>>> print(open('coords-v5.cif').read())   # mmCIF, C-alpha atoms
data_entry
loop_
_atom_site.label_atom_id
_atom_site.label_comp_id
_atom_site.auth_asym_id
_atom_site.auth_seq_id
_atom_site.Cartn_x
_atom_site.Cartn_y
_atom_site.Cartn_z
CA MET A 1 -17.90 27.58 8.89
CA ASP A 2 -14.15 27.82 8.85
CA GLY A 3 -12.07 30.75 7.64
CA ARG A 4 -11.66 29.45 4.10
CA ASP A 5 -15.41 29.13 3.59
CA THR A 6 -15.84 32.71 4.83
CA ASP A 7 -13.17 33.89 2.36
CA LEU A 8 -14.86 32.05 -0.47
CA LYS A 9 -18.23 33.57 0.46
CA LYS A 10 -16.65 37.04 0.47
CA GLU A 11 -15.13 36.39 -2.96
CA LEU A 12 -18.52 35.27 -4.29
CA ASP A 13 -20.20 38.37 -2.85
CA ALA A 14 -17.51 40.57 -4.42
CA THR A 15 -17.97 38.81 -7.78
CA LEU A 16 -21.75 39.32 -7.65
CA GLN A 17 -21.34 42.97 -6.66
CA THR A 18 -18.89 43.50 -9.55
CA ARG A 19 -21.38 41.86 -11.93
CA ARG A 20 -24.10 44.27 -10.79
CA GLU A 21 -21.79 47.23 -11.36
CA LEU A 22 -20.35 46.11 -14.72
CA GLY A 23 -23.45 44.54 -16.22
CA GLU A 24 -24.26 41.28 -17.94
CA GLU A 25 -21.64 41.63 -20.68
CA TYR A 26 -18.85 40.79 -18.18
CA GLU A 27 -20.79 37.98 -16.50
CA SER A 28 -18.96 35.07 -18.20
CA ALA A 29 -15.52 36.56 -17.44
CA LEU A 30 -16.48 37.12 -13.80
CA VAL A 31 -17.86 33.59 -13.45
CA ASP A 32 -14.75 32.13 -15.08
CA SER A 33 -12.52 34.13 -12.74
CA PHE A 34 -14.48 33.01 -9.68
CA LEU A 35 -14.47 29.38 -10.83
CA GLU A 36 -10.68 29.57 -11.31
CA ARG A 37 -10.28 30.68 -7.69
CA VAL A 38 -12.58 27.86 -6.53
CA GLU A 39 -10.61 25.36 -8.63
CA GLU A 40 -7.30 26.61 -7.17
CA ARG A 41 -8.72 26.24 -3.68
CA ILE A 42 -9.93 22.69 -4.44
CA ASP A 43 -6.58 21.77 -6.01
CA GLY A 44 -4.75 23.04 -2.93
CA THR A 45 -7.01 21.08 -0.61
CA VAL A 46 -6.64 17.89 -2.64
CA GLU A 47 -2.86 18.35 -2.84
CA ARG A 48 -2.60 18.78 0.95
CA ARG A 49 -4.72 15.68 1.52
CA VAL A 50 -2.70 13.60 -0.93
CA ARG A 51 0.58 14.76 0.65
CA ARG A 52 -0.75 13.96 4.13
CA GLN A 53 -1.96 10.52 3.04
CA PHE A 54 1.36 9.80 1.30
CA ALA A 55 3.28 10.83 4.41
CA GLU A 56 1.07 8.59 6.54
CA GLN A 57 1.72 5.67 4.19
CA GLN A 58 5.47 6.30 4.36
CA MET A 59 5.35 6.44 8.17
CA SER A 60 3.34 3.22 8.27
CA ALA A 61 5.78 1.49 5.93
CA ALA A 62 8.73 2.72 8.00
CA ARG A 63 7.11 1.42 11.19
CA ASP A 64 6.40 -1.94 9.56
CA SER A 65 9.96 -2.31 8.30
CA ARG A 66 11.39 -1.64 11.76
CA SER A 67 9.13 -4.07 13.59
CA PRO A 68 10.05 -7.75 13.56
CA ARG A 69 8.06 -9.81 11.10
CA SER A 70 6.06 -12.53 12.68
CA THR A 71 3.63 -13.30 9.90
CA ASP A 72 3.20 -16.95 10.80
CA SER A 73 2.48 -18.06 14.31
CA PHE A 74 3.29 -21.46 15.77
CA GLY A 75 -0.35 -22.47 15.33
CA GLU A 76 -0.27 -21.76 11.60
CA ARG A 77 2.93 -23.77 11.11
CA PHE A 78 1.61 -26.62 13.25
CA GLY A 79 -1.70 -26.64 11.37
CA PHE A 80 0.11 -26.72 8.03
CA GLY A 81 2.16 -29.69 9.18
CA ILE A 82 -0.93 -31.58 10.40
CA VAL A 83 -2.85 -30.94 7.16
CA SER A 84 0.20 -32.02 5.18
CA LEU A 85 0.43 -35.33 7.07
CA VAL A 86 -3.32 -35.97 6.88
CA LEU A 87 -3.28 -35.45 3.11
CA ALA A 88 -0.14 -37.58 2.77
CA VAL A 89 -2.05 -40.75 3.66
CA PRO A 90 -4.60 -40.73 0.79
CA LEU A 91 -2.04 -39.33 -1.67
CA SER A 92 0.35 -42.15 -0.79
CA ALA A 93 -2.42 -44.73 -1.20
CA ILE A 94 -3.54 -43.34 -4.55
CA GLY A 95 0.01 -42.92 -5.88
CA GLY A 96 1.11 -46.39 -4.68
CA GLY A 97 -2.08 -48.09 -5.86
CA VAL A 98 -2.08 -46.58 -9.34
CA ALA A 99 1.62 -46.36 -10.24
CA HIS A 100 3.22 -48.48 -7.48
CA LEU A 101 6.66 -47.28 -6.29
CA PRO A 102 7.08 -44.43 -8.85
CA GLY A 103 3.62 -43.12 -7.95
CA LEU A 104 4.41 -43.29 -4.23
CA LEU A 105 7.71 -41.45 -4.75
CA THR A 106 6.00 -38.81 -6.87
CA ALA A 107 3.32 -38.24 -4.22
CA TRP A 108 5.93 -37.86 -1.48
CA ALA A 109 8.08 -35.61 -3.67
CA GLY A 110 5.07 -33.32 -4.01
CA ILE A 111 4.38 -33.38 -0.26
CA VAL A 112 8.01 -32.62 0.56
CA GLY A 113 8.11 -29.90 -2.10
CA VAL A 114 5.06 -28.14 -0.69
CA ASN A 115 6.53 -28.26 2.82
CA VAL A 116 9.91 -26.94 1.62
CA VAL A 117 8.20 -24.01 -0.12
CA GLN A 118 6.19 -23.28 3.04
CA ALA A 119 9.33 -23.41 5.19
CA ALA A 120 11.19 -21.10 2.80
CA ARG A 121 8.27 -18.66 2.81
CA THR A 122 7.97 -18.50 6.58
CA ASN A 123 11.75 -18.44 7.23
CA PRO A 124 13.49 -16.30 4.60
CA GLY A 125 17.17 -17.16 4.43
CA LEU A 126 16.59 -20.70 5.71
CA PHE A 127 18.10 -22.28 2.61
CA GLY A 128 20.21 -19.33 1.50
CA ARG A 129 23.60 -18.07 2.56
CA ARG A 130 23.70 -16.47 5.98
CA ARG A 131 25.96 -13.55 6.77
CA THR A 132 28.09 -13.65 9.83
CA ALA A 133 28.05 -10.73 12.23
CA GLY A 134 30.77 -8.16 11.63
CA ARG A 135 31.72 -9.48 8.21
CA GLU A 136 30.70 -7.65 5.07
CA ASP A 137 30.92 -8.89 1.52
CA ARG A 138 33.19 -6.63 -0.49
CA TRP A 139 34.33 -6.55 -4.05
CA GLU A 140 37.96 -7.41 -4.50
CA ASP A 141 39.99 -5.22 -6.87
#
>>> encode(input="coords-v5.cif", output="structure tokens")
Amino acid sequence: MDGRDTDLKKELDATLQTRRELGEEYESALVDSFLERVEERIDGTVERRVRRQFAEQQMSAARDSRSPRSTDSFGERFGFGIVSLVLAVPLSAIGGGVAHLPGLLTAWAGIVGVNVVQAARTNPGLFGRRRTAGREDRWED
């Protein structure tokens, strides 16, 4: 038992002793008072735990933001490229066979589009403007 449990046990003993001395007519007030102290203790414990968990989440987020992001490995990118090429063959055949040249172009536009989206997802800033070192964008007055 830790110190807080001992304190709570002492408070309960004191409440029971007071009930014996005062009689049953004060029982509900004594129980309410004791339950308020228990509730305050529980609220304090929960608040400390929530604060600790929130601080741990903030520390974890800060660590993650400082570490370099390497969400996709070479194997994942290579695998995506292979799957894309393997699926390109039947899509090209279906598109060319059903709608001839427009169907073939549509199939390849979809394949290229999926690969562009994948490249943009794995390399943020690949298609956007890059900032040069030492130069900051500023508003002109």
>>> closest_residue(input="coords-v5.cif", among="A:Asp13, A:Val89, A:Gly44, A:Gln53", to="Leu30 (chain A)", atoms="all atoms listed in the file")
A:Asp13
>>> closest_residue(input="coords-v5.cif", among="A:Arg77, A:Gly97, A:Lys10, A:Gln57", to="Asn123 (chain A)", atoms="all atoms listed in the file")
A:Arg77
>>> atom_distance(input="coords-v5.cif", atom1="CA of Ala55 (chain A)", atom2="CA of Asp43 (chain A)")
18.0 Å
>>> residues_around(input="coords-v5.cif", residues="region 101-112 of chain A", least_positions_apart="6", cutoff="10 Å", atoms="all atoms listed in the file", output="JSON, numbers by chain")
{"A": [84, 85, 87, 88, 89, 90, 91, 92, 93, 94, 95, 118]}
>>> atom_distance(input="coords-v5.cif", atom1="CA of Leu12 (chain A)", atom2="CA of Phe34 (chain A)")
7.1 Å
>>> atom_distance(input="coords-v5.cif", atom1="CA of Arg52 (chain A)", atom2="CA of Ser33 (chain A)")
28.8 Å
>>> closest_residue(input="coords-v5.cif", among="A:Thr122, A:Leu8, A:Ala99, A:Val114", to="Glu40 (chain A)", atoms="all atoms listed in the file")
A:Leu8
>>> build_atoms(input="coords-v5.cif", residues="region 9-36 of chain A", atoms="N, CA and C atoms", output="PDB file, keeping the file's coordinate frame")
ATOM      1  N   LYS A   9     -16.949  32.856   0.488  1.00  0.00           N
ATOM      2  CA  LYS A   9     -18.230  33.570   0.460  1.00  0.00           C
ATOM      3  C   LYS A   9     -18.006  35.055   0.154  1.00  0.00           C
ATOM      4  N   LYS A  10     -16.956  35.635   0.749  1.00  0.00           N
ATOM      5  CA  LYS A  10     -16.650  37.040   0.470  1.00  0.00           C
ATOM      6  C   LYS A  10     -16.281  37.242  -1.001  1.00  0.00           C
ATOM      7  N   GLU A  11     -15.504  36.297  -1.550  1.00  0.00           N
ATOM      8  CA  GLU A  11     -15.130  36.390  -2.960  1.00  0.00           C
ATOM      9  C   GLU A  11     -16.356  36.290  -3.860  1.00  0.00           C
ATOM     10  N   LEU A  12     -17.282  35.407  -3.512  1.00  0.00           N
ATOM     11  CA  LEU A  12     -18.520  35.270  -4.290  1.00  0.00           C
ATOM     12  C   LEU A  12     -19.344  36.558  -4.209  1.00  0.00           C
ATOM     13  N   ASP A  13     -19.467  37.108  -3.010  1.00  0.00           N
ATOM     14  CA  ASP A  13     -20.200  38.370  -2.850  1.00  0.00           C
ATOM     15  C   ASP A  13     -19.559  39.478  -3.674  1.00  0.00           C
ATOM     16  N   ALA A  14     -18.215  39.538  -3.651  1.00  0.00           N
ATOM     17  CA  ALA A  14     -17.510  40.570  -4.420  1.00  0.00           C
ATOM     18  C   ALA A  14     -17.736  40.363  -5.922  1.00  0.00           C
ATOM     19  N   THR A  15     -17.741  39.101  -6.362  1.00  0.00           N
ATOM     20  CA  THR A  15     -17.970  38.810  -7.780  1.00  0.00           C
ATOM     21  C   THR A  15     -19.381  39.228  -8.187  1.00  0.00           C
ATOM     22  N   LEU A  16     -20.360  38.939  -7.337  1.00  0.00           N
ATOM     23  CA  LEU A  16     -21.750  39.320  -7.650  1.00  0.00           C
ATOM     24  C   LEU A  16     -21.915  40.833  -7.656  1.00  0.00           C
ATOM     25  N   GLN A  17     -21.264  41.514  -6.710  1.00  0.00           N
ATOM     26  CA  GLN A  17     -21.340  42.970  -6.660  1.00  0.00           C
ATOM     27  C   GLN A  17     -20.701  43.578  -7.920  1.00  0.00           C
ATOM     28  N   THR A  18     -19.561  43.015  -8.336  1.00  0.00           N
ATOM     29  CA  THR A  18     -18.890  43.500  -9.550  1.00  0.00           C
ATOM     30  C   THR A  18     -19.766  43.280 -10.771  1.00  0.00           C
ATOM     31  N   ARG A  19     -20.478  42.160 -10.812  1.00  0.00           N
ATOM     32  CA  ARG A  19     -21.380  41.860 -11.930  1.00  0.00           C
ATOM     33  C   ARG A  19     -22.508  42.881 -11.996  1.00  0.00           C
ATOM     34  N   ARG A  20     -23.022  43.259 -10.810  1.00  0.00           N
ATOM     35  CA  ARG A  20     -24.100  44.270 -10.790  1.00  0.00           C
ATOM     36  C   ARG A  20     -23.593  45.612 -11.316  1.00  0.00           C
ATOM     37  N   GLU A  21     -22.345  45.938 -10.952  1.00  0.00           N
ATOM     38  CA  GLU A  21     -21.790  47.230 -11.360  1.00  0.00           C
ATOM     39  C   GLU A  21     -21.427  47.258 -12.849  1.00  0.00           C
ATOM     40  N   LEU A  22     -20.839  46.124 -13.337  1.00  0.00           N
ATOM     41  CA  LEU A  22     -20.350  46.110 -14.720  1.00  0.00           C
ATOM     42  C   LEU A  22     -21.422  45.708 -15.725  1.00  0.00           C
ATOM     43  N   GLY A  23     -22.395  44.970 -15.303  1.00  0.00           N
ATOM     44  CA  GLY A  23     -23.450  44.540 -16.220  1.00  0.00           C
ATOM     45  C   GLY A  23     -23.247  43.113 -16.698  1.00  0.00           C
ATOM     46  N   GLU A  24     -24.232  42.676 -17.501  1.00  0.00           N
ATOM     47  CA  GLU A  24     -24.260  41.280 -17.940  1.00  0.00           C
ATOM     48  C   GLU A  24     -23.177  40.947 -18.962  1.00  0.00           C
ATOM     49  N   GLU A  25     -22.640  41.937 -19.648  1.00  0.00           N
ATOM     50  CA  GLU A  25     -21.640  41.630 -20.680  1.00  0.00           C
ATOM     51  C   GLU A  25     -20.337  41.076 -20.098  1.00  0.00           C
ATOM     52  N   TYR A  26     -20.050  41.320 -18.832  1.00  0.00           N
ATOM     53  CA  TYR A  26     -18.850  40.790 -18.180  1.00  0.00           C
ATOM     54  C   TYR A  26     -19.137  39.559 -17.314  1.00  0.00           C
ATOM     55  N   GLU A  27     -20.377  39.077 -17.377  1.00  0.00           N
ATOM     56  CA  GLU A  27     -20.790  37.980 -16.500  1.00  0.00           C
ATOM     57  C   GLU A  27     -19.939  36.719 -16.707  1.00  0.00           C
ATOM     58  N   SER A  28     -19.714  36.312 -17.957  1.00  0.00           N
ATOM     59  CA  SER A  28     -18.960  35.070 -18.200  1.00  0.00           C
ATOM     60  C   SER A  28     -17.515  35.202 -17.717  1.00  0.00           C
ATOM     61  N   ALA A  29     -16.901  36.364 -17.910  1.00  0.00           N
ATOM     62  CA  ALA A  29     -15.520  36.560 -17.440  1.00  0.00           C
ATOM     63  C   ALA A  29     -15.466  36.522 -15.916  1.00  0.00           C
ATOM     64  N   LEU A  30     -16.457  37.128 -15.258  1.00  0.00           N
ATOM     65  CA  LEU A  30     -16.480  37.120 -13.800  1.00  0.00           C
ATOM     66  C   LEU A  30     -16.704  35.705 -13.257  1.00  0.00           C
ATOM     67  N   VAL A  31     -17.598  34.967 -13.888  1.00  0.00           N
ATOM     68  CA  VAL A  31     -17.860  33.590 -13.450  1.00  0.00           C
ATOM     69  C   VAL A  31     -16.619  32.731 -13.661  1.00  0.00           C
ATOM     70  N   ASP A  32     -15.969  32.890 -14.813  1.00  0.00           N
ATOM     71  CA  ASP A  32     -14.750  32.130 -15.080  1.00  0.00           C
ATOM     72  C   ASP A  32     -13.668  32.444 -14.047  1.00  0.00           C
ATOM     73  N   SER A  33     -13.515  33.716 -13.724  1.00  0.00           N
ATOM     74  CA  SER A  33     -12.520  34.130 -12.740  1.00  0.00           C
ATOM     75  C   SER A  33     -12.826  33.531 -11.366  1.00  0.00           C
ATOM     76  N   PHE A  34     -14.099  33.579 -10.971  1.00  0.00           N
ATOM     77  CA  PHE A  34     -14.480  33.010  -9.680  1.00  0.00           C
ATOM     78  C   PHE A  34     -14.268  31.495  -9.665  1.00  0.00           C
ATOM     79  N   LEU A  35     -14.647  30.831 -10.765  1.00  0.00           N
ATOM     80  CA  LEU A  35     -14.470  29.380 -10.830  1.00  0.00           C
ATOM     81  C   LEU A  35     -12.997  28.990 -10.806  1.00  0.00           C
ATOM     82  N   GLU A  36     -12.123  29.822 -11.390  1.00  0.00           N
ATOM     83  CA  GLU A  36     -10.680  29.570 -11.310  1.00  0.00           C
ATOM     84  C   GLU A  36     -10.197  29.602  -9.877  1.00  0.00           C
TER      85      GLU A  36
END
